[in-house]
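As provided, structure-v1.pdb (PDB, C-alpha atoms and all ligand atoms) reads as follows.
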ATOM      1  CA  MET A   1      -6.058  19.075   2.969
ATOM      2  CA  LEU A   2      -2.476  18.305   1.741
ATOM      3  CA  LYS A   3      -1.378  21.673   0.347
ATOM      4  CA  GLY A   4       2.438  21.947   0.394
ATOM      5  CA  LYS A   5       2.951  18.319   1.509
ATOM      6  CA  LYS A   6       5.597  16.248  -0.286
ATOM      7  CA  ALA A   7       4.454  12.648  -0.814
ATOM      8  CA  LEU A   8       6.278   9.527  -2.020
ATOM      9  CA  ILE A   9       3.941   6.884  -3.472
ATOM     10  CA  VAL A  10       5.224   3.335  -4.005
ATOM     11  CA  GLY A  11       3.164   0.652  -5.753
ATOM     12  CA  ILE A  12       1.698   1.984  -9.008
ATOM     13  CA  ALA A  13       1.538  -0.697 -11.730
ATOM     14  CA  ASN A  14      -1.223   0.883 -13.842
ATOM     15  CA  GLU A  15      -4.264   3.159 -13.591
ATOM     16  CA  ARG A  16      -6.276   0.511 -11.712
ATOM     17  CA  SER A  17      -3.710   0.289  -8.903
ATOM     18  CA  ILE A  18      -4.813   1.346  -5.414
ATOM     19  CA  ALA A  19      -1.607   3.427  -5.339
ATOM     20  CA  TYR A  20      -2.857   5.224  -8.481
ATOM     21  CA  GLY A  21      -6.164   6.023  -6.737
ATOM     22  CA  ILE A  22      -4.241   7.384  -3.761
ATOM     23  CA  ALA A  23      -1.927   9.454  -5.998
ATOM     24  CA  HIS A  24      -4.971  10.884  -7.802
ATOM     25  CA  ALA A  25      -6.733  11.847  -4.555
ATOM     26  CA  MET A  26      -3.603  13.291  -2.931
ATOM     27  CA  ARG A  27      -2.956  15.399  -6.042
ATOM     28  CA  LEU A  28      -6.535  16.748  -5.894
ATOM     29  CA  HIS A  29      -5.935  17.576  -2.222
ATOM     30  CA  GLY A  30      -2.847  19.627  -3.178
ATOM     31  CA  ALA A  31       0.153  17.364  -2.460
ATOM     32  CA  ASP A  32       3.342  17.293  -4.568
ATOM     33  CA  LEU A  33       4.111  13.698  -5.553
ATOM     34  CA  ALA A  34       7.030  11.413  -6.347
ATOM     35  CA  LEU A  35       6.241   8.012  -7.866
ATOM     36  CA  THR A  36       8.318   4.841  -8.163
ATOM     37  CA  TYR A  37       8.223   1.914 -10.590
ATOM     38  CA  LEU A  38       9.330  -1.680 -10.011
ATOM     39  CA  ASN A  39      11.146  -2.410 -13.295
ATOM     40  CA  GLU A  40      11.449  -1.414 -16.968
ATOM     41  CA  LYS A  41       8.195  -3.213 -17.777
ATOM     42  CA  MET A  42       6.319  -0.903 -15.383
ATOM     43  CA  GLN A  43       8.352   2.261 -16.100
ATOM     44  CA  SER A  44       6.343   3.553 -19.080
ATOM     45  CA  ARG A  45       2.989   3.025 -17.323
ATOM     46  CA  VAL A  46       4.118   4.890 -14.203
ATOM     47  CA  GLU A  47       5.619   7.670 -16.358
ATOM     48  CA  LYS A  48       2.262   7.970 -18.136
ATOM     49  CA  ALA A  49       0.516   8.355 -14.777
ATOM     50  CA  ALA A  50       3.114  10.920 -13.706
ATOM     51  CA  GLN A  51       2.489  12.946 -16.866
ATOM     52  CA  GLN A  52      -1.266  13.005 -16.192
ATOM     53  CA  PHE A  53      -0.642  14.269 -12.668
ATOM     54  CA  GLY A  54       2.091  16.756 -13.710
ATOM     55  CA  ILE A  55       4.761  15.008 -11.651
ATOM     56  CA  GLU A  56       8.443  15.369 -12.477
ATOM     57  CA  LEU A  57       9.882  12.938  -9.888
ATOM     58  CA  VAL A  58       9.687   9.318 -11.127
ATOM     59  CA  LEU A  59      12.210   6.901  -9.641
ATOM     60  CA  PRO A  60      13.056   3.207  -9.958
ATOM     61  CA  CYS A  61      12.488   1.166  -6.780
ATOM     62  CA  ASP A  62      12.579  -2.608  -6.352
ATOM     63  CA  LEU A  63      11.582  -2.996  -2.685
ATOM     64  CA  THR A  64      13.770  -6.094  -2.277
ATOM     65  CA  LYS A  65      16.894  -3.959  -2.951
ATOM     66  CA  ASP A  66      18.293  -1.800  -0.126
ATOM     67  CA  ASP A  67      20.484   0.220  -2.516
ATOM     68  CA  GLN A  68      17.442   1.212  -4.606
ATOM     69  CA  ILE A  69      15.470   2.236  -1.491
ATOM     70  CA  ASP A  70      18.456   4.312  -0.308
ATOM     71  CA  ALA A  71      18.696   5.918  -3.773
ATOM     72  CA  VAL A  72      15.013   6.963  -3.548
ATOM     73  CA  ALA A  73      15.672   8.621  -0.169
ATOM     74  CA  GLU A  74      18.735  10.397  -1.653
ATOM     75  CA  SER A  75      16.706  11.712  -4.616
ATOM     76  CA  LEU A  76      13.956  13.003  -2.313
ATOM     77  CA  LYS A  77      16.582  14.747  -0.173
ATOM     78  CA  LYS A  78      18.118  16.353  -3.255
ATOM     79  CA  HIS A  79      14.809  17.470  -4.837
ATOM     80  CA  TRP A  80      12.707  18.356  -1.793
ATOM     81  CA  GLY A  81      15.101  18.356   1.184
ATOM     82  CA  HIS A  82      12.460  16.474   3.182
ATOM     83  CA  VAL A  83       9.396  14.231   2.816
ATOM     84  CA  ASP A  84       6.014  14.511   4.597
ATOM     85  CA  ILE A  85       4.139  11.432   3.369
ATOM     86  CA  ILE A  86       5.153   7.900   2.349
ATOM     87  CA  VAL A  87       2.513   5.581   0.876
ATOM     88  CA  HIS A  88       3.460   1.891   0.626
ATOM     89  CA  ALA A  89       0.975   0.019  -1.586
ATOM     90  CA  ALA A  90       2.984  -2.989  -2.730
ATOM     91  CA  ALA A  91       2.694  -6.697  -1.925
ATOM     92  CA  PHE A  92       3.825  -9.954  -3.441
ATOM     93  CA  ALA A  93       3.720 -13.679  -2.769
ATOM     94  CA  PRO A  94       4.689 -16.284  -5.386
ATOM     95  CA  ALA A  95       1.510 -17.481  -7.159
ATOM     96  CA  ASP A  96       1.776 -21.007  -5.682
ATOM     97  CA  GLN A  97       1.332 -19.445  -2.206
ATOM     98  CA  LEU A  98      -2.116 -18.044  -3.062
ATOM     99  CA  GLN A  99      -4.077 -21.228  -3.626
ATOM    100  CA  GLY A 100      -5.306 -24.442  -2.035
ATOM    101  CA  ASN A 101      -4.401 -25.745   1.399
ATOM    102  CA  TYR A 102      -2.152 -23.316   3.315
ATOM    103  CA  VAL A 103      -0.057 -25.922   5.134
ATOM    104  CA  SER A 104       0.304 -28.224   2.105
ATOM    105  CA  ASN A 105       1.349 -25.398  -0.229
ATOM    106  CA  VAL A 106       3.471 -23.088   1.941
ATOM    107  CA  THR A 107       7.240 -23.141   1.295
ATOM    108  CA  ARG A 108      10.135 -21.580   3.218
ATOM    109  CA  GLU A 109      11.048 -19.461   0.163
ATOM    110  CA  GLY A 110       7.437 -18.429  -0.590
ATOM    111  CA  PHE A 111       6.941 -17.427   3.044
ATOM    112  CA  ARG A 112      10.239 -15.474   3.070
ATOM    113  CA  VAL A 113       9.529 -13.563  -0.165
ATOM    114  CA  ALA A 114       5.956 -12.699   0.914
ATOM    115  CA  HIS A 115       7.166 -11.265   4.232
ATOM    116  CA  ASP A 116      10.151  -9.474   2.665
ATOM    117  CA  VAL A 117       8.178  -7.685  -0.078
ATOM    118  CA  SER A 118       4.866  -7.216   1.736
ATOM    119  CA  SER A 119       5.930  -6.349   5.304
ATOM    120  CA  TYR A 120       9.662  -5.640   5.753
ATOM    121  CA  SER A 121       9.797  -3.279   2.753
ATOM    122  CA  PHE A 122       7.501  -0.816   4.595
ATOM    123  CA  THR A 123       9.983  -0.645   7.482
ATOM    124  CA  ALA A 124      12.888  -0.442   5.019
ATOM    125  CA  LEU A 125      11.348   2.648   3.379
ATOM    126  CA  ALA A 126      10.827   4.267   6.799
ATOM    127  CA  LYS A 127      14.401   3.420   7.830
ATOM    128  CA  SER A 128      16.008   4.899   4.698
ATOM    129  CA  CYS A 129      13.848   8.050   4.854
ATOM    130  CA  GLU A 130      14.050   8.502   8.641
ATOM    131  CA  SER A 131      16.484  11.463   8.522
ATOM    132  CA  ILE A 132      14.407  13.428   5.969
ATOM    133  CA  LEU A 133      10.947  12.894   7.506
ATOM    134  CA  SER A 134       9.335  16.170   8.569
ATOM    135  CA  LYS A 135       8.037  16.982  12.052
ATOM    136  CA  GLN A 136       4.417  16.266  11.048
ATOM    137  CA  SER A 137       4.951  13.313   8.717
ATOM    138  CA  ALA A 138       2.685  10.351   8.014
ATOM    139  CA  LEU A 139       3.342   6.861   6.689
ATOM    140  CA  LEU A 140       0.574   4.713   5.231
ATOM    141  CA  THR A 141       0.371   1.102   4.045
ATOM    142  CA  LEU A 142      -2.363  -1.126   2.601
ATOM    143  CA  SER A 143      -3.680  -4.234   4.340
ATOM    144  CA  TYR A 144      -6.530  -6.679   3.838
ATOM    145  CA  LEU A 145      -9.034  -8.593   6.011
ATOM    146  CA  GLY A 146      -7.020 -11.783   5.380
ATOM    147  CA  ALA A 147      -4.574 -10.461   8.026
ATOM    148  CA  VAL A 148      -7.090 -11.155  10.801
ATOM    149  CA  ARG A 149      -9.516 -13.724   9.295
ATOM    150  CA  CYS A 150      -8.917 -16.803   7.156
ATOM    151  CA  VAL A 151      -9.849 -15.926   3.573
ATOM    152  CA  SER A 152      -9.733 -18.963   1.250
ATOM    153  CA  ASN A 153      -6.587 -19.020  -0.912
ATOM    154  CA  TYR A 154      -5.114 -15.834   0.645
ATOM    155  CA  ASN A 155      -2.912 -18.118   2.790
ATOM    156  CA  THR A 156       0.734 -16.968   3.035
ATOM    157  CA  MET A 157      -0.278 -13.383   2.097
ATOM    158  CA  GLY A 158      -2.617 -13.338   5.114
ATOM    159  CA  VAL A 159       0.252 -14.202   7.432
ATOM    160  CA  ALA A 160       2.398 -11.497   5.757
ATOM    161  CA  LYS A 161      -0.420  -8.912   6.158
ATOM    162  CA  ALA A 162      -0.699  -9.854   9.864
ATOM    163  CA  SER A 163       3.031  -9.095  10.097
ATOM    164  CA  LEU A 164       2.469  -5.806   8.260
ATOM    165  CA  GLU A 165      -0.288  -4.752  10.698
ATOM    166  CA  ALA A 166       1.959  -5.512  13.702
ATOM    167  CA  ASN A 167       4.673  -3.596  11.858
ATOM    168  CA  VAL A 168       2.354  -0.550  11.709
ATOM    169  CA  ARG A 169       2.016  -0.628  15.519
ATOM    170  CA  TYR A 170       5.747  -1.101  16.220
ATOM    171  CA  MET A 171       6.676   1.602  13.699
ATOM    172  CA  ALA A 172       4.067   3.970  15.184
ATOM    173  CA  HIS A 173       5.532   3.336  18.640
ATOM    174  CA  ALA A 174       9.134   3.844  17.467
ATOM    175  CA  MET A 175       8.524   6.918  15.287
ATOM    176  CA  GLY A 176       5.856   8.717  17.327
ATOM    177  CA  PRO A 177       8.334  10.632  19.532
ATOM    178  CA  LYS A 178       9.708  12.406  16.410
ATOM    179  CA  GLY A 179       6.185  13.305  15.237
ATOM    180  CA  THR A 180       5.738  10.628  12.564
ATOM    181  CA  ARG A 181       2.372   8.835  12.421
ATOM    182  CA  VAL A 182       2.019   5.326  10.936
ATOM    183  CA  ASN A 183      -1.317   3.839   9.824
ATOM    184  CA  ALA A 184      -2.843   1.285   7.450
ATOM    185  CA  ILE A 185      -5.988   1.102   5.371
ATOM    186  CA  SER A 186      -7.548  -2.349   5.204
ATOM    187  CA  ALA A 187      -9.288  -2.113   1.825
ATOM    188  CA  GLY A 188     -12.214  -4.187   0.600
ATOM    189  CA  THR A 189     -11.888  -6.270  -2.564
ATOM    190  CA  ILE A 190     -11.002  -4.103  -5.567
ATOM    191  CA  LYS A 191     -10.253  -5.282  -9.099
ATOM    192  CA  THR A 192      -6.563  -4.520  -9.757
ATOM    193  CA  LEU A 193      -3.654  -6.119 -11.622
ATOM    194  CA  ALA A 194      -2.675  -7.878  -8.355
ATOM    195  CA  SER A 195      -6.117  -9.495  -8.045
ATOM    196  CA  SER A 196      -6.716 -10.187 -11.753
ATOM    197  CA  GLY A 197      -5.161 -13.665 -11.759
ATOM    198  CA  ILE A 198      -6.895 -14.851  -8.607
ATOM    199  CA  LYS A 199      -9.284 -17.792  -8.755
ATOM    200  CA  ASP A 200     -12.923 -16.911  -7.952
ATOM    201  CA  PHE A 201     -12.078 -13.207  -7.522
ATOM    202  CA  LYS A 202     -15.063 -12.158  -9.626
ATOM    203  CA  THR A 203     -17.339 -14.274  -7.407
ATOM    204  CA  MET A 204     -15.917 -12.452  -4.368
ATOM    205  CA  LEU A 205     -16.697  -9.053  -5.939
ATOM    206  CA  VAL A 206     -20.290 -10.070  -6.732
ATOM    207  CA  HIS A 207     -20.780 -11.543  -3.229
ATOM    208  CA  ASN A 208     -19.335  -8.414  -1.581
ATOM    209  CA  ALA A 209     -21.639  -6.127  -3.523
ATOM    210  CA  GLU A 210     -24.590  -8.184  -2.243
ATOM    211  CA  VAL A 211     -23.732  -8.544   1.450
ATOM    212  CA  THR A 212     -21.731  -5.490   2.586
ATOM    213  CA  PRO A 213     -23.708  -3.004   4.705
ATOM    214  CA  LEU A 214     -23.275  -0.392   1.957
ATOM    215  CA  ARG A 215     -24.261  -2.980  -0.726
ATOM    216  CA  ARG A 216     -21.365  -2.162  -3.058
ATOM    217  CA  ASN A 217     -17.690  -2.748  -3.654
ATOM    218  CA  THR A 218     -14.935  -0.405  -2.510
ATOM    219  CA  THR A 219     -13.721   2.212  -4.993
ATOM    220  CA  LEU A 220     -10.262   3.675  -5.603
ATOM    221  CA  GLU A 221     -11.700   7.118  -4.802
ATOM    222  CA  GLU A 222     -12.849   5.946  -1.352
ATOM    223  CA  VAL A 223      -9.430   4.506  -0.518
ATOM    224  CA  GLY A 224      -7.733   7.621  -1.971
ATOM    225  CA  ASN A 225      -9.834  10.012   0.120
ATOM    226  CA  THR A 226      -9.270   8.068   3.367
ATOM    227  CA  ALA A 227      -5.544   7.901   2.561
ATOM    228  CA  SER A 228      -5.497  11.683   2.055
ATOM    229  CA  PHE A 229      -7.275  12.224   5.382
ATOM    230  CA  LEU A 230      -4.981   9.847   7.317
ATOM    231  CA  CYS A 231      -1.862  11.542   5.873
ATOM    232  CA  SER A 232      -3.180  15.069   6.491
ATOM    233  CA  ASP A 233      -2.899  17.149   9.659
ATOM    234  CA  MET A 234      -6.664  16.568  10.121
ATOM    235  CA  ALA A 235      -5.668  13.090  11.425
ATOM    236  CA  SER A 236      -2.948  14.431  13.761
ATOM    237  CA  GLY A 237      -4.229  12.306  16.660
ATOM    238  CA  ILE A 238      -4.368   9.000  14.761
ATOM    239  CA  THR A 239      -1.400   6.611  14.739
ATOM    240  CA  GLY A 240      -0.912   2.830  14.826
ATOM    241  CA  GLU A 241      -4.443   2.364  13.454
ATOM    242  CA  ILE A 242      -5.865  -0.045  10.863
ATOM    243  CA  VAL A 243      -8.797   1.733   9.172
ATOM    244  CA  TYR A 244     -11.264  -0.464   7.238
ATOM    245  CA  VAL A 245     -12.385   1.046   3.927
ATOM    246  CA  ASP A 246     -14.498  -1.907   2.793
ATOM    247  CA  SER A 247     -18.187  -0.837   2.711
ATOM    248  CA  GLY A 248     -18.392  -2.439   6.177
ATOM    249  CA  TYR A 249     -17.645  -6.020   5.080
ATOM    250  CA  HIS A 250     -15.451  -6.726   8.139
ATOM    251  CA  LEU A 251     -18.363  -6.519  10.575
ATOM    252  CA  ILE A 252     -20.278  -9.433   9.059
ATOM    253  CA  GLY A 253     -20.469 -12.680  11.058
TER     254      GLY A 253
HETATM  255  O1  LIG B   1      -3.219  -8.526  -1.259
HETATM  256  C1  LIG B   1      -3.858  -8.879  -2.231
HETATM  257  C2  LIG B   1      -3.152  -9.519  -3.406
HETATM  258  C3  LIG B   1      -1.679  -9.308  -3.439
HETATM  259  C4  LIG B   1      -0.936 -10.271  -4.345
HETATM  260  C5  LIG B   1      -1.417 -10.681  -5.574
HETATM  261  C6  LIG B   1      -0.682 -11.547  -6.362
HETATM  262  C7  LIG B   1      -1.167 -12.079  -7.672
HETATM  263  C8  LIG B   1      -0.038 -12.481  -8.603
HETATM  264  C9  LIG B   1       0.287 -10.736  -3.927
HETATM  265  N1  LIG B   1       1.030 -11.577  -4.668
HETATM  266  C10 LIG B   1       0.570 -11.981  -5.874
HETATM  267  N2  LIG B   1       1.363 -12.849  -6.592
HETATM  268  C11 LIG B   1       1.093 -13.165  -7.881
HETATM  269  O2  LIG B   1       1.814 -13.977  -8.493
HETATM  270  N3  LIG B   1      -5.229  -8.742  -2.219
HETATM  271  C12 LIG B   1      -5.890  -8.210  -1.043
HETATM  272  C13 LIG B   1      -6.101  -9.149  -3.350
HETATM  273  C14 LIG B   1      -6.494 -10.571  -3.128
HETATM  274  O3  LIG B   1      -5.634 -11.562  -3.416
HETATM  275  C15 LIG B   1      -6.253 -12.747  -3.064
HETATM  276  C16 LIG B   1      -7.510 -12.490  -2.545
HETATM  277  C17 LIG B   1      -7.662 -11.085  -2.581
HETATM  278  C18 LIG B   1      -8.848 -10.307  -2.112
HETATM  279  C19 LIG B   1      -5.772 -14.049  -3.165
HETATM  280  C20 LIG B   1      -6.582 -15.092  -2.736
HETATM  281  C21 LIG B   1      -7.829 -14.837  -2.215
HETATM  282  C22 LIG B   1      -8.311 -13.539  -2.119
END
Encoded form (structure tokens):
Amino acid sequence: MLKGKKALIVGIANERSIAYGIAHAMRLHGADLALTYLNEKMQSRVEKAAQQFGIELVLPCDLTKDDQIDAVAESLKKHWGHVDIIVHAAAFAPADQLQGNYVSNVTREGFRVAHDVSSYSFTALAKSCESILSKQSALLTLSYLGAVRCVSNYNTMGVAKASLEANVRYMAHAMGPKGTRVNAISAGTIKTLASSGIKDFKTMLVHNAEVTPLRRNTTLEEVGNTASFLCSDMASGITGEIVYVDSGYHLIG
């Protein structure tokens, strides 16, 4: 489905990352990949993943730094000349923003950081790579139900994901005339490094497995396969869309 496509994947922390599942699926579907890592602590783990996938392009990228994002675009231009797919699977809010009463606990700085890392950085990647995006390119980001419903403790991240979903629509509108499609996957609850520290997360996983229409939790393979489809030419008519890959959890009242 992705033979000959050049894909940049941002957001791998380890082999449980959703970005890792997407990289794995896109590799199986024939794409050539470039991966990024946040800092030296993450570098070795991302390099290990790259080795497994036979990837030679591994670049540093802190999404809060414009110069690092520009450097990624420069490297892609040098190595590939163009890019067909960009996957953005990174989010962050300070831990104190992900618990208790939203209004009591929100801070100006927590709100700013959450929106900068989790929403603006997707646009920043698109902006830096704009001149090297191919005629049939596709951008993809990861969202969560907390963007459109109130999920206990998700709080500031929910507001940032709502911004990200609006961002998908504005980016799709702005980039469509040049042939670039922009979509998001709203994934069900998956155990990753990002969710490991969250209070009651295990209870959420157990509850989800009991009540979702498909009676199970979402897997990395399911998100990876939908990501591959959305970024392939099979999805040439789909842009500005938020696709739920959550065993149907979002339809429950
Ligand atoms: O988007 C997310 C989590 C993203 C995330 C996770 C952390 C943990 C460590 C962003 N920032 C941080 N900051 C940290 O310091 N998810 C969809 C997973 C998630 O997170 C929740 C959830 C779910 C589901 C937080 C509260 C309630 C539910």
field: Matched chain/residue IDs from the PyMOL selection byres (((not hetatm)) within 7 of (chain B and resi 1)), as a ChimeraX atom specification
entry: /A:91-95,98-99,144,151-154,157,189,194-195,197-198,201
List every residue of region 163-200 of chain A that has an atom at most 7 Å from any atom of region 235-248 of chain A, giving for each one its closest atom pair and the distance in Å to one decimal, counting only C-alpha atoms, sorted by chain and then by ascending residue number, as JSON lines.
{"residue": "A:Val168", "atom": "CA", "partner": "A:Gly240", "partner_atom": "CA", "distance": 5.6}
{"residue": "A:Arg169", "atom": "CA", "partner": "A:Gly240", "partner_atom": "CA", "distance": 4.6}
{"residue": "A:Ala172", "atom": "CA", "partner": "A:Gly240", "partner_atom": "CA", "distance": 5.1}
{"residue": "A:Arg181", "atom": "CA", "partner": "A:Thr239", "partner_atom": "CA", "distance": 5.0}
{"residue": "A:Val182", "atom": "CA", "partner": "A:Thr239", "partner_atom": "CA", "distance": 5.3}
{"residue": "A:Asn183", "atom": "CA", "partner": "A:Glu241", "partner_atom": "CA", "distance": 5.0}
{"residue": "A:Ala184", "atom": "CA", "partner": "A:Ile242", "partner_atom": "CA", "distance": 4.7}
{"residue": "A:Ile185", "atom": "CA", "partner": "A:Val243", "partner_atom": "CA", "distance": 4.8}
{"residue": "A:Ser186", "atom": "CA", "partner": "A:Tyr244", "partner_atom": "CA", "distance": 4.6}
{"residue": "A:Ala187", "atom": "CA", "partner": "A:Val245", "partner_atom": "CA", "distance": 4.9}
{"residue": "A:Gly188", "atom": "CA", "partner": "A:Asp246", "partner_atom": "CA", "distance": 3.9}
- request: Would you please work out which residue, of A:Thr107, A:Thr180, A:Thr64, A:Thr36, is nearest to Ala89 (chain A) when using all atoms listed in the file?
  value: A:Thr36
message: Residues within 9 Å of Tyr120 (chain A), please, as a PyMOL selection string. Count all atoms listed in the file; anything in the same chain fewer than 3 positions from it doesn't count.
response: chain A and resi 115-117+123-125+163-164+167
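Nearest to Gln97 (chain A) of all the residues A:Ala73, A:Ala114, A:Val206, A:Ala7 is A:Ala114, counting only C-alpha atoms.
Remark: for Arg215 (chain A), the closest of the candidate residues A:Thr156, A:Ser143, A:Lys127, A:Tyr249 is A:Tyr249 (distances computed over all atoms listed in the file).
Atom to atom, CA of Cys231 (chain A) and CA of Tyr170 (chain A) stand 18.0 Å apart.
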task: Check which residues satisfy the PyMOL selection byres (((chain A and resi 129-136) around 10) and not hetatm) in the file shown, then give them as JSON, numbers by chain.
output: {"A": [5, 6, 69, 70, 72, 73, 74, 76, 77, 80, 81, 82, 83, 84, 85, 86, 123, 124, 125, 126, 127, 128, 137, 138, 139, 175, 176, 177, 178, 179, 180, 181, 231, 232, 233, 236]}
query: Written as a PyMOL selection string, which residues does the PyMOL selection byres (((chain A and resi 32) around 9) and not hetatm) give for the file shown?
result: chain A and resi 2-8+26-27+30-31+33-34+55
As AutoDock Vina command-line options, what would the box around region 74-87 of chain A look like: edges along x, y and z, 3 Å added on every side, centre and edge lengths in Å to one decimal?
--center_x 10.6 --center_y 12.0 --center_z -0.1 --size_x 22.2 --size_y 18.8 --size_z 15.4
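Going from CA of Gly224 (chain A) to CA of Met171 (chain A) covers 22.1 Å.
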task: Find, counting all atoms listed in the file, the residue in A:Asn217, A:Thr192, A:Thr226, A:Asn208 that gets nearest to Arg16 (chain A).
output: A:Thr192
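Here CA of Val46 (chain A) and CA of Glu15 (chain A) stand 8.6 Å from one another.
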query: Which protein, DNA or RNA residues are at most 9 Å from (2.6, 1.4, 0.2) in the file's coordinates when you count all atoms listed in the file, listed as a count of residues only?
result: 16
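Checking A:Leu35, A:Ser75, A:Leu251, A:Glu40 one by one against Leu145 (chain A), counting only C-alpha atoms, you find the shortest gap at A:Leu251.
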